[in-house]
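Below: run.pdb (PDB, C-alpha atoms)
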ATOM      1  CA  MET E   1     101.422  89.850  76.207
ATOM      2  CA  VAL E   2     104.186  92.464  76.371
ATOM      3  CA  GLN E   3     105.684  93.249  72.987
ATOM      4  CA  VAL E   4     109.413  93.952  73.032
ATOM      5  CA  THR E   5     110.307  97.288  71.515
ATOM      6  CA  GLU E   6     113.281  99.599  71.392
ATOM      7  CA  GLY E   7     111.990 102.946  72.506
ATOM      8  CA  PRO E   8     113.622 106.306  73.182
ATOM      9  CA  THR E   9     115.661 107.011  76.279
ATOM     10  CA  THR E  10     114.397 109.897  78.398
ATOM     11  CA  ALA E  11     116.538 112.411  80.267
ATOM     12  CA  ALA E  12     116.061 110.199  83.329
ATOM     13  CA  ARG E  13     117.738 107.274  81.512
ATOM     14  CA  LEU E  14     114.438 105.479  81.277
ATOM     15  CA  ARG E  15     114.225 103.312  78.153
ATOM     16  CA  VAL E  16     110.912 101.817  77.068
ATOM     17  CA  VAL E  17     111.570  98.175  76.163
ATOM     18  CA  GLY E  18     108.050  96.766  75.855
ATOM     19  CA  THR E  19     104.403  97.630  75.558
ATOM     20  CA  CYS E  20     101.033  95.916  75.417
ATOM     21  CA  GLY E  21      97.437  97.007  75.245
ATOM     22  CA  ASP E  22      94.939  98.977  73.232
ATOM     23  CA  ASP E  23      95.222 102.724  72.699
ATOM     24  CA  GLU E  24      91.433 102.965  72.861
ATOM     25  CA  LEU E  25      91.391 101.511  76.404
ATOM     26  CA  ALA E  26      94.718 101.074  78.207
ATOM     27  CA  ARG E  27      98.364 100.552  77.374
ATOM     28  CA  VAL E  28     101.128  99.279  79.659
ATOM     29  CA  PHE E  29     104.720 100.384  79.102
ATOM     30  CA  VAL E  30     107.713  98.467  80.459
ATOM     31  CA  ALA E  31     110.834 100.564  80.940
ATOM     32  CA  GLU E  32     114.400  99.760  81.893
ATOM     33  CA  LEU E  33     116.306 102.106  84.181
ATOM     34  CA  ALA E  34     120.016 102.891  84.129
ATOM     35  CA  ASP E  35     120.664 100.248  86.818
ATOM     36  CA  GLY E  36     118.856  97.550  84.828
ATOM     37  CA  ALA E  37     115.717  97.525  86.981
ATOM     38  CA  ARG E  38     112.410  97.386  85.134
ATOM     39  CA  ILE E  39     109.272  99.317  85.983
ATOM     40  CA  GLU E  40     105.844  99.760  84.449
ATOM     41  CA  PHE E  41     103.551 102.678  83.779
ATOM     42  CA  VAL E  42     100.145 102.941  82.154
ATOM     43  CA  GLU E  43      97.941 105.302  80.186
ATOM     44  CA  SER E  44      94.212 104.660  80.064
ATOM     45  CA  VAL E  45      90.888 106.074  79.004
ATOM     46  CA  GLN E  46      87.369 105.290  80.153
ATOM     47  CA  PRO E  47      85.117 104.472  77.191
ATOM     48  CA  PRO E  48      82.878 106.021  76.049
ATOM     49  CA  ILE E  49      84.555 109.143  77.507
ATOM     50  CA  PRO E  50      87.118 110.310  74.913
ATOM     51  CA  ARG E  51      90.766 110.907  75.765
ATOM     52  CA  GLU E  52      90.213 114.586  74.996
ATOM     53  CA  SER E  53      87.891 114.750  78.026
ATOM     54  CA  LYS E  54      89.558 112.357  80.484
ATOM     55  CA  TRP E  55      93.059 110.921  80.388
ATOM     56  CA  VAL E  56      94.644 108.842  83.163
ATOM     57  CA  LEU E  57      98.341 108.110  83.696
ATOM     58  CA  ILE E  58      99.431 105.553  86.300
ATOM     59  CA  VAL E  59     103.097 105.660  87.303
ATOM     60  CA  SER E  60     105.443 103.652  89.492
ATOM     61  CA  THR E  61     107.182 105.118  92.535
ATOM     62  CA  LEU E  62     109.326 102.150  93.651
ATOM     63  CA  LYS E  63     111.211  99.319  91.965
ATOM     64  CA  GLY E  64     108.832  96.652  93.188
ATOM     65  CA  CYS E  65     107.232  97.063  96.615
ATOM     66  CA  PRO E  66     108.157  95.892 100.136
ATOM     67  CA  ILE E  67     104.544  95.796 101.391
ATOM     68  CA  ARG E  68     103.759  92.602  99.440
ATOM     69  CA  CYS E  69      99.972  92.656  99.651
ATOM     70  CA  PRO E  70      98.800  89.104  98.849
ATOM     71  CA  PHE E  71      96.634  90.152  95.884
ATOM     72  CA  CYS E  72      99.267  92.300  94.151
ATOM     73  CA  ASP E  73     101.672  91.123  91.446
ATOM     74  CA  ALA E  74     103.506  94.447  91.305
ATOM     75  CA  GLY E  75     105.697  93.830  94.348
ATOM     76  CA  GLY E  76     108.117  91.172  93.271
ATOM     77  CA  ARG E  77     111.739  91.663  94.218
ATOM     78  CA  TYR E  78     111.989  95.108  95.831
ATOM     79  CA  ARG E  79     115.001  97.036  94.532
ATOM     80  CA  GLY E  80     114.551 100.465  96.073
ATOM     81  CA  GLN E  81     113.083 103.880  95.398
ATOM     82  CA  LEU E  82     112.743 105.728  92.134
ATOM     83  CA  SER E  83     114.237 109.197  91.905
ATOM     84  CA  ALA E  84     112.042 112.190  91.157
ATOM     85  CA  GLU E  85     113.607 112.260  87.688
ATOM     86  CA  GLU E  86     112.633 108.620  87.103
ATOM     87  CA  ILE E  87     109.042 109.253  88.175
ATOM     88  CA  LEU E  88     108.850 112.377  86.032
ATOM     89  CA  GLY E  89     110.453 110.438  83.183
ATOM     90  CA  GLN E  90     107.414 108.163  83.046
ATOM     91  CA  ILE E  91     105.048 111.133  82.972
ATOM     92  CA  ASP E  92     107.165 112.977  80.403
ATOM     93  CA  TYR E  93     107.224 109.949  78.123
ATOM     94  CA  LEU E  94     103.455 109.549  78.129
ATOM     95  CA  ILE E  95     102.718 113.255  77.723
ATOM     96  CA  ARG E  96     105.286 113.936  74.977
ATOM     97  CA  ARG E  97     104.095 110.835  73.104
ATOM     98  CA  ARG E  98     100.709 112.488  72.574
ATOM     99  CA  HIS E  99     101.403 116.162  73.303
ATOM    100  CA  PRO E 100     104.950 117.084  72.182
ATOM    101  CA  ASP E 101     104.459 120.682  73.310
ATOM    102  CA  GLY E 102     103.620 119.596  76.872
ATOM    103  CA  ARG E 103     100.113 121.030  76.695
ATOM    104  CA  VAL E 104      97.411 118.633  77.913
ATOM    105  CA  PRO E 105      93.979 120.145  77.170
ATOM    106  CA  ALA E 106      91.848 117.400  78.771
ATOM    107  CA  PRO E 107      89.589 118.921  81.455
ATOM    108  CA  LYS E 108      90.318 115.859  83.615
ATOM    109  CA  PHE E 109      93.948 114.754  83.504
ATOM    110  CA  LYS E 110      94.613 112.356  86.351
ATOM    111  CA  ILE E 111      98.086 111.186  87.376
ATOM    112  CA  GLN E 112      97.884 108.233  89.750
ATOM    113  CA  PHE E 113     100.914 107.204  91.801
ATOM    114  CA  ALA E 114      99.676 103.643  91.904
ATOM    115  CA  ARG E 115     101.419 101.229  89.517
ATOM    116  CA  MET E 116     104.419  99.727  91.330
ATOM    117  CA  GLY E 117     105.204 100.726  94.902
ATOM    118  CA  GLU E 118     103.716 102.335  98.002
ATOM    119  CA  PRO E 119     104.149 106.060  97.257
ATOM    120  CA  ALA E 120     104.407 107.132 100.907
ATOM    121  CA  LEU E 121     107.698 105.209 101.161
ATOM    122  CA  ASN E 122     109.388 107.587  98.722
ATOM    123  CA  ASP E 123     109.994 111.272  99.457
ATOM    124  CA  ALA E 124     110.689 111.813  95.746
ATOM    125  CA  VAL E 125     106.911 111.662  95.233
ATOM    126  CA  LEU E 126     106.666 114.939  97.147
ATOM    127  CA  GLU E 127     109.278 116.529  94.895
ATOM    128  CA  VAL E 128     107.271 115.420  91.858
ATOM    129  CA  LEU E 129     104.073 116.889  93.297
ATOM    130  CA  GLU E 130     105.870 120.202  93.838
ATOM    131  CA  THR E 131     107.042 120.162  90.219
ATOM    132  CA  LEU E 132     103.964 119.077  88.259
ATOM    133  CA  PRO E 133     101.887 122.299  88.148
ATOM    134  CA  GLY E 134     104.719 124.293  86.586
ATOM    135  CA  ARG E 135     106.065 121.555  84.338
ATOM    136  CA  TYR E 136     103.083 121.156  82.010
ATOM    137  CA  ASP E 137     100.310 123.332  80.660
ATOM    138  CA  ALA E 138      97.563 121.085  82.027
ATOM    139  CA  PRO E 139      94.590 122.955  83.495
ATOM    140  CA  GLY E 140      92.824 119.653  84.275
ATOM    141  CA  LEU E 141      95.722 118.204  86.298
ATOM    142  CA  LEU E 142      94.494 115.993  89.156
ATOM    143  CA  PRO E 143      97.151 114.042  91.078
ATOM    144  CA  SER E 144      95.866 110.973  92.900
ATOM    145  CA  LEU E 145      97.795 109.297  95.703
ATOM    146  CA  SER E 146      96.656 105.942  97.086
ATOM    147  CA  THR E 147      98.396 104.661 100.218
ATOM    148  CA  VAL E 148      98.126 102.009 102.911
ATOM    149  CA  ALA E 149      99.437 104.650 105.395
ATOM    150  CA  PRO E 150     102.694 102.959 106.451
ATOM    151  CA  SER E 151     103.875 103.634 109.995
ATOM    152  CA  GLY E 152     106.838 105.921 110.546
ATOM    153  CA  ARG E 153     106.033 108.190 107.599
ATOM    154  CA  GLU E 154     104.509 111.054 109.539
ATOM    155  CA  ALA E 155     106.932 113.584 108.022
ATOM    156  CA  PHE E 156     105.900 112.496 104.516
ATOM    157  CA  PHE E 157     102.203 112.940 105.261
ATOM    158  CA  ALA E 158     102.757 116.288 106.994
ATOM    159  CA  ARG E 159     104.584 117.652 103.955
ATOM    160  CA  LEU E 160     101.991 116.143 101.609
ATOM    161  CA  LEU E 161      99.282 118.068 103.422
ATOM    162  CA  GLU E 162     101.292 121.282 103.139
ATOM    163  CA  ILE E 163     101.877 120.758  99.400
ATOM    164  CA  LYS E 164      98.208 119.983  98.789
ATOM    165  CA  ARG E 165      97.122 123.168 100.556
ATOM    166  CA  ARG E 166      99.634 125.315  98.699
ATOM    167  CA  ARG E 167      99.553 123.764  95.218
ATOM    168  CA  TYR E 168      96.330 121.779  94.831
ATOM    169  CA  GLY E 169      93.505 123.494  96.671
ATOM    170  CA  GLY E 170      89.906 123.640  95.535
ATOM    171  CA  GLY E 171      89.446 119.951  94.804
ATOM    172  CA  ARG E 172      92.511 119.506  92.584
ATOM    173  CA  PHE E 173      93.953 116.558  94.544
ATOM    174  CA  GLN E 174      92.586 113.081  95.205
ATOM    175  CA  MET E 175      93.717 111.393  98.436
ATOM    176  CA  GLN E 176      92.979 107.710  98.945
ATOM    177  CA  PHE E 177      93.629 105.279 101.788
ATOM    178  CA  SER E 178      93.495 101.563 101.016
ATOM    179  CA  LEU E 179      91.760  99.809 103.928
ATOM    180  CA  HIS E 180      90.251  96.659 102.304
ATOM    181  CA  SER E 181      88.506  95.574 105.530
ATOM    182  CA  THR E 182      86.603  97.433 108.243
ATOM    183  CA  ASP E 183      88.360  95.299 110.879
ATOM    184  CA  GLU E 184      91.914  96.384 111.675
ATOM    185  CA  ARG E 185      93.111  92.909 112.610
ATOM    186  CA  ALA E 186      91.687  91.404 109.419
ATOM    187  CA  ARG E 187      93.296  94.215 107.430
ATOM    188  CA  ARG E 188      96.706  92.835 108.423
ATOM    189  CA  GLN E 189      95.988  89.772 106.286
ATOM    190  CA  LEU E 190      95.665  91.983 103.207
ATOM    191  CA  VAL E 191      98.202  94.681 104.150
ATOM    192  CA  PRO E 192     101.013  92.755 105.903
ATOM    193  CA  ALA E 193     103.007  95.752 107.124
ATOM    194  CA  PRO E 194     102.910  98.205 110.055
ATOM    195  CA  THR E 195     100.419 100.960 109.242
ATOM    196  CA  TRP E 196      98.571 103.769 110.909
ATOM    197  CA  SER E 197      95.503 102.799 112.879
ATOM    198  CA  PHE E 198      92.066 103.642 111.522
ATOM    199  CA  ALA E 199      91.846 106.393 114.143
ATOM    200  CA  GLU E 200      95.093 107.935 112.873
ATOM    201  CA  ILE E 201      93.906 107.742 109.259
ATOM    202  CA  ALA E 202      90.588 109.331 110.226
ATOM    203  CA  ALA E 203      92.285 112.195 112.079
ATOM    204  CA  TYR E 204      94.638 112.917 109.185
ATOM    205  CA  GLY E 205      91.874 112.662 106.599
ATOM    206  CA  GLU E 206      89.753 115.205 108.432
ATOM    207  CA  ARG E 207      92.680 117.639 108.329
ATOM    208  CA  PHE E 208      93.321 116.870 104.661
ATOM    209  CA  ALA E 209      89.782 117.487 103.417
ATOM    210  CA  GLY E 210      89.582 121.265 103.599
ATOM    211  CA  PRO E 211      86.894 123.617 102.260
ATOM    212  CA  GLY E 212      86.282 122.997  98.571
ATOM    213  CA  ASP E 213      88.374 119.813  98.532
ATOM    214  CA  ARG E 214      87.308 116.365  97.443
ATOM    215  CA  ARG E 215      86.392 113.869 100.097
ATOM    216  CA  VAL E 216      89.218 111.529 101.082
ATOM    217  CA  THR E 217      88.513 108.115  99.550
ATOM    218  CA  LEU E 218      88.585 104.877 101.543
ATOM    219  CA  ASN E 219      89.431 102.047  99.148
ATOM    220  CA  PHE E 220      88.126  98.524  99.616
ATOM    221  CA  ALA E 221      89.082  95.532  97.463
ATOM    222  CA  PRO E 222      87.427  93.163  99.943
ATOM    223  CA  ALA E 223      88.151  89.457 100.237
ATOM    224  CA  ALA E 224      85.434  86.923 100.933
ATOM    225  CA  GLY E 225      85.456  85.825 104.560
ATOM    226  CA  LEU E 226      86.925  89.041 105.974
ATOM    227  CA  PRO E 227      84.795  91.640 107.813
ATOM    228  CA  LEU E 228      83.225  94.472 105.848
ATOM    229  CA  GLU E 229      80.750  96.293 108.064
ATOM    230  CA  PRO E 230      79.682  99.843 107.111
ATOM    231  CA  ARG E 231      78.481 100.638 110.636
ATOM    232  CA  ASP E 232      81.951  99.938 112.037
ATOM    233  CA  LEU E 233      83.464 102.275 109.465
ATOM    234  CA  ARG E 234      80.924 104.980 110.289
ATOM    235  CA  ALA E 235      81.980 104.868 113.953
ATOM    236  CA  LEU E 236      85.408 106.294 113.033
ATOM    237  CA  PHE E 237      85.072 108.018 109.660
ATOM    238  CA  ASP E 238      82.846 111.045 109.062
ATOM    239  CA  PRO E 239      80.932 110.790 105.757
ATOM    240  CA  ALA E 240      81.276 114.557 105.415
ATOM    241  CA  CYS E 241      85.030 114.042 104.917
ATOM    242  CA  PHE E 242      85.282 110.494 103.550
ATOM    243  CA  ALA E 243      83.870 108.597 100.580
ATOM    244  CA  VAL E 244      84.010 104.841  99.958
ATOM    245  CA  LYS E 245      85.271 103.146  96.799
ATOM    246  CA  LEU E 246      84.537  99.454  96.238
ATOM    247  CA  THR E 247      86.610  97.489  93.727
ATOM    248  CA  PRO E 248      87.070  93.817  92.870
ATOM    249  CA  ILE E 249      90.197  91.850  93.666
ATOM    250  CA  ASN E 250      91.603  91.582  90.180
ATOM    251  CA  PRO E 251      92.654  88.161  88.809
ATOM    252  CA  THR E 252      96.333  88.413  89.668
ATOM    253  CA  ARG E 253      98.798  85.573  90.017
ATOM    254  CA  ALA E 254      99.391  86.605  93.626
ATOM    255  CA  ALA E 255      95.696  86.395  94.518
ATOM    256  CA  ALA E 256      95.493  82.927  92.965
ATOM    257  CA  ARG E 257      98.530  81.741  94.938
ATOM    258  CA  ALA E 258      97.046  83.129  98.161
ATOM    259  CA  GLY E 259      93.656  81.557  97.489
ATOM    260  CA  LEU E 260      91.918  84.923  97.758
ATOM    261  CA  ARG E 261      88.401  85.237  96.430
ATOM    262  CA  GLY E 262      87.026  88.716  95.995
ATOM    263  CA  LEU E 263      83.791  89.671  97.692
ATOM    264  CA  ILE E 264      82.884  91.788  94.662
ATOM    265  CA  ASP E 265      82.101  89.870  91.489
ATOM    266  CA  PRO E 266      82.281  92.175  88.434
ATOM    267  CA  LEU E 267      79.728  89.972  86.679
ATOM    268  CA  ALA E 268      77.200  89.874  89.541
ATOM    269  CA  ALA E 269      75.633  93.316  89.633
ATOM    270  CA  GLY E 270      72.934  92.499  92.191
ATOM    271  CA  PRO E 271      75.098  91.528  95.204
ATOM    272  CA  THR E 272      77.607  94.262  94.392
ATOM    273  CA  GLU E 273      74.911  96.946  94.279
ATOM    274  CA  ALA E 274      73.468  95.597  97.536
ATOM    275  CA  LEU E 275      76.863  95.961  99.211
ATOM    276  CA  ALA E 276      77.221  99.521  97.930
ATOM    277  CA  ALA E 277      73.720 100.301  99.209
ATOM    278  CA  ARG E 278      74.765  99.288 102.732
ATOM    279  CA  PHE E 279      77.567 101.857 102.711
ATOM    280  CA  ARG E 280      75.219 104.491 101.328
ATOM    281  CA  GLU E 281      72.721 103.716 104.087
ATOM    282  CA  ALA E 282      75.542 104.367 106.567
ATOM    283  CA  GLY E 283      75.870 107.847 105.045
ATOM    284  CA  PHE E 284      78.857 107.399 102.737
ATOM    285  CA  GLU E 285      79.105 108.577  99.172
ATOM    286  CA  THR E 286      79.954 105.224  97.580
ATOM    287  CA  ILE E 287      81.643 104.579  94.250
ATOM    288  CA  LEU E 288      81.603 101.215  92.508
ATOM    289  CA  SER E 289      84.829 101.051  90.518
ATOM    290  CA  ILE E 290      84.583  97.943  88.374
ATOM    291  CA  GLY E 291      86.382  99.072  85.241
ATOM    292  CA  ASP E 292      86.542  97.442  81.850
ATOM    293  CA  LEU E 293      87.224  93.712  82.173
ATOM    294  CA  ARG E 294      89.293  93.830  78.981
ATOM    295  CA  GLU E 295      92.005  95.456  81.097
ATOM    296  CA  ASN E 296      92.521  92.131  82.862
ATOM    297  CA  GLY E 297      93.764  90.737  79.561
ATOM    298  CA  ILE E 298      96.042  93.733  79.052
ATOM    299  CA  GLY E 299      97.406  93.576  82.595
ATOM    300  CA  SER E 300      96.694  97.242  83.279
ATOM    301  CA  ASN E 301      94.274  96.826  86.188
ATOM    302  CA  CYS E 302      95.319  97.538  89.769
ATOM    303  CA  GLY E 303      97.632  94.919  91.259
ATOM    304  CA  MET E 304      98.639  93.508  87.893
ATOM    305  CA  TYR E 305     102.170  93.329  86.525
ATOM    306  CA  ALA E 306     102.406  92.785  82.787
ATOM    307  CA  GLY E 307     106.168  92.300  82.688
ATOM    308  CA  GLY E 308     106.537  89.106  84.678
ATOM    309  CA  SER E 309     105.588  87.198  87.794
ATOM    310  CA  GLY E 310     105.388  88.894  91.164
TER     311      GLY E 310
END
Just give me the structure as structure tokens.
Amino acid sequence: MVQVTEGPTTAARLRVVGTCGDDELARVFVAELADGARIEFVESVQPPIPRESKWVLIVSTLKGCPIRCPFCDAGGRYRGQLSAEEILGQIDYLIRRRHPDGRVPAPKFKIQFARMGEPALNDAVLEVLETLPGRYDAPGLLPSLSTVAPSGREAFFARLLEIKRRRYGGGRFQMQFSLHSTDERARRQLVPAPTWSFAEIAAYGERFAGPGDRRVTLNFAPAAGLPLEPRDLRALFDPACFAVKLTPINPTRAAARAGLRGLIDPLAAGPTEALAARFREAGFETILSIGDLRENGIGSNCGMYAGGSG
């Protein structure tokens, strides 16, 4: 449950008005902007790894989201884009709360643009990515951008590639595409918006993954009854450039309303490992990202919205 607080106002006119969670796992912050809109951002750790070794911030890029994926509570009523200052305000708040001097010593300091909003729909995300390396003393900085690859955003992705090459080479950027099904028609049920085709995503990903870079991640939060066939994925995506990440559909209000049942059961290790093995047999590095189930109670897991109904 979100606790109402009266927090400081940042330079971006972002006022923290509520928080919930556990500092030893994850904490959600609810902030009010100058126009009255509310957004959320998160800090988390991954026990037993200490915060001093790995620290993750998850920030919003839009006020709500127009994509309206049926398992995501974080869409709600879409009210527009955040400015670069409002995105940076979230990051500043979390960093200054623990590191007033702006120095983050953690060897892995991940900033995920993944709380509220599809980041590729906001050019301010690019401005933030340009700014981050010089704004903080954070040698472990690792931005992570997860996108459904919305159509019509070719200029965004072209500039993102240029920024990555210039500012984040050598594996210091994590690029992720959320596919959720290996069948493009079925994907429309989970991502109800015009997007790039798999072929377009594959072509861009191969350009993105340069020498020394991380593989581009293909995210799947698969729903029962929809196709998930590793061989079909292998026909378009080269395992030398792409990895696979499998995650559960988290218990959101939206998923319950839509009647979605996740193919991955966090409590059933056997079937989940068998599914991962099929992707590995197809040649893909495969990551099972289950997370700590206590985050479901906090509301910090992907697709959740602690501040109200979606």
I need the residue set behind the PyMOL selection byres ((chain E and resi 165-176) around 6) for this file; please write it as a PyMOL selection string.
chain E and resi 142-146+162-164+177+212-214+216-218
Nearest to Phe156 (chain E), chosen from E:Arg135, E:Leu121, E:Asn250, E:Ser178, with all atoms listed in the file counted in the distances
E:Leu121
Work out how far CA of Gln112 (chain E) is from CA of Arg38 (chain E), in Å to one decimal.
18.7 Å
Residues near region 253-264 of chain E, cut-off 10 Å, all atoms listed in the file, skip fewer than 6 positions along chain, as a ChimeraX atom specification
/E:68-76,190,220-226,228,246-247,271-273,275,288,290,303-305,309-310
Taking the file as shown, find all residues satisfying the PyMOL selection byres ((chain E and resi 237) around 10) and write them as a ChimeraX atom specification.
/E:198-199,201-203,205-206,218,231-236,238-243,284
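As for CA of Leu179 (chain E) and CA of Ala149 (chain E), they are spaced 9.2 Å apart.
For the set E:Pro139, E:Pro133, E:Pro192, E:Gly80, the residue with the smallest atom-to-atom gap to Ser151 (chain E) is E:Pro192, counting all atoms listed in the file.
The space between CA of Leu160 (chain E) and CA of Arg27 (chain E) spans 29.0 Å.
Distance check against Lys54 (chain E) using all atoms listed in the file: of E:Val104, E:Ile95, E:Ile87, E:Leu132, the minimum falls on E:Val104.
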Counting all atoms listed in the file, which residues sit no farther than 9 Å from the position (88.1, 102.7, 70.0) in the file's frame? I'd like them as number ranges by chain.
E: 22-25, 47-48
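In terms of minimum interatomic distance to Arg77 (chain E), E:Ala37 ranks closest within E:Glu32, E:Ala37, E:Trp55, E:Ala155, counting all atoms listed in the file.
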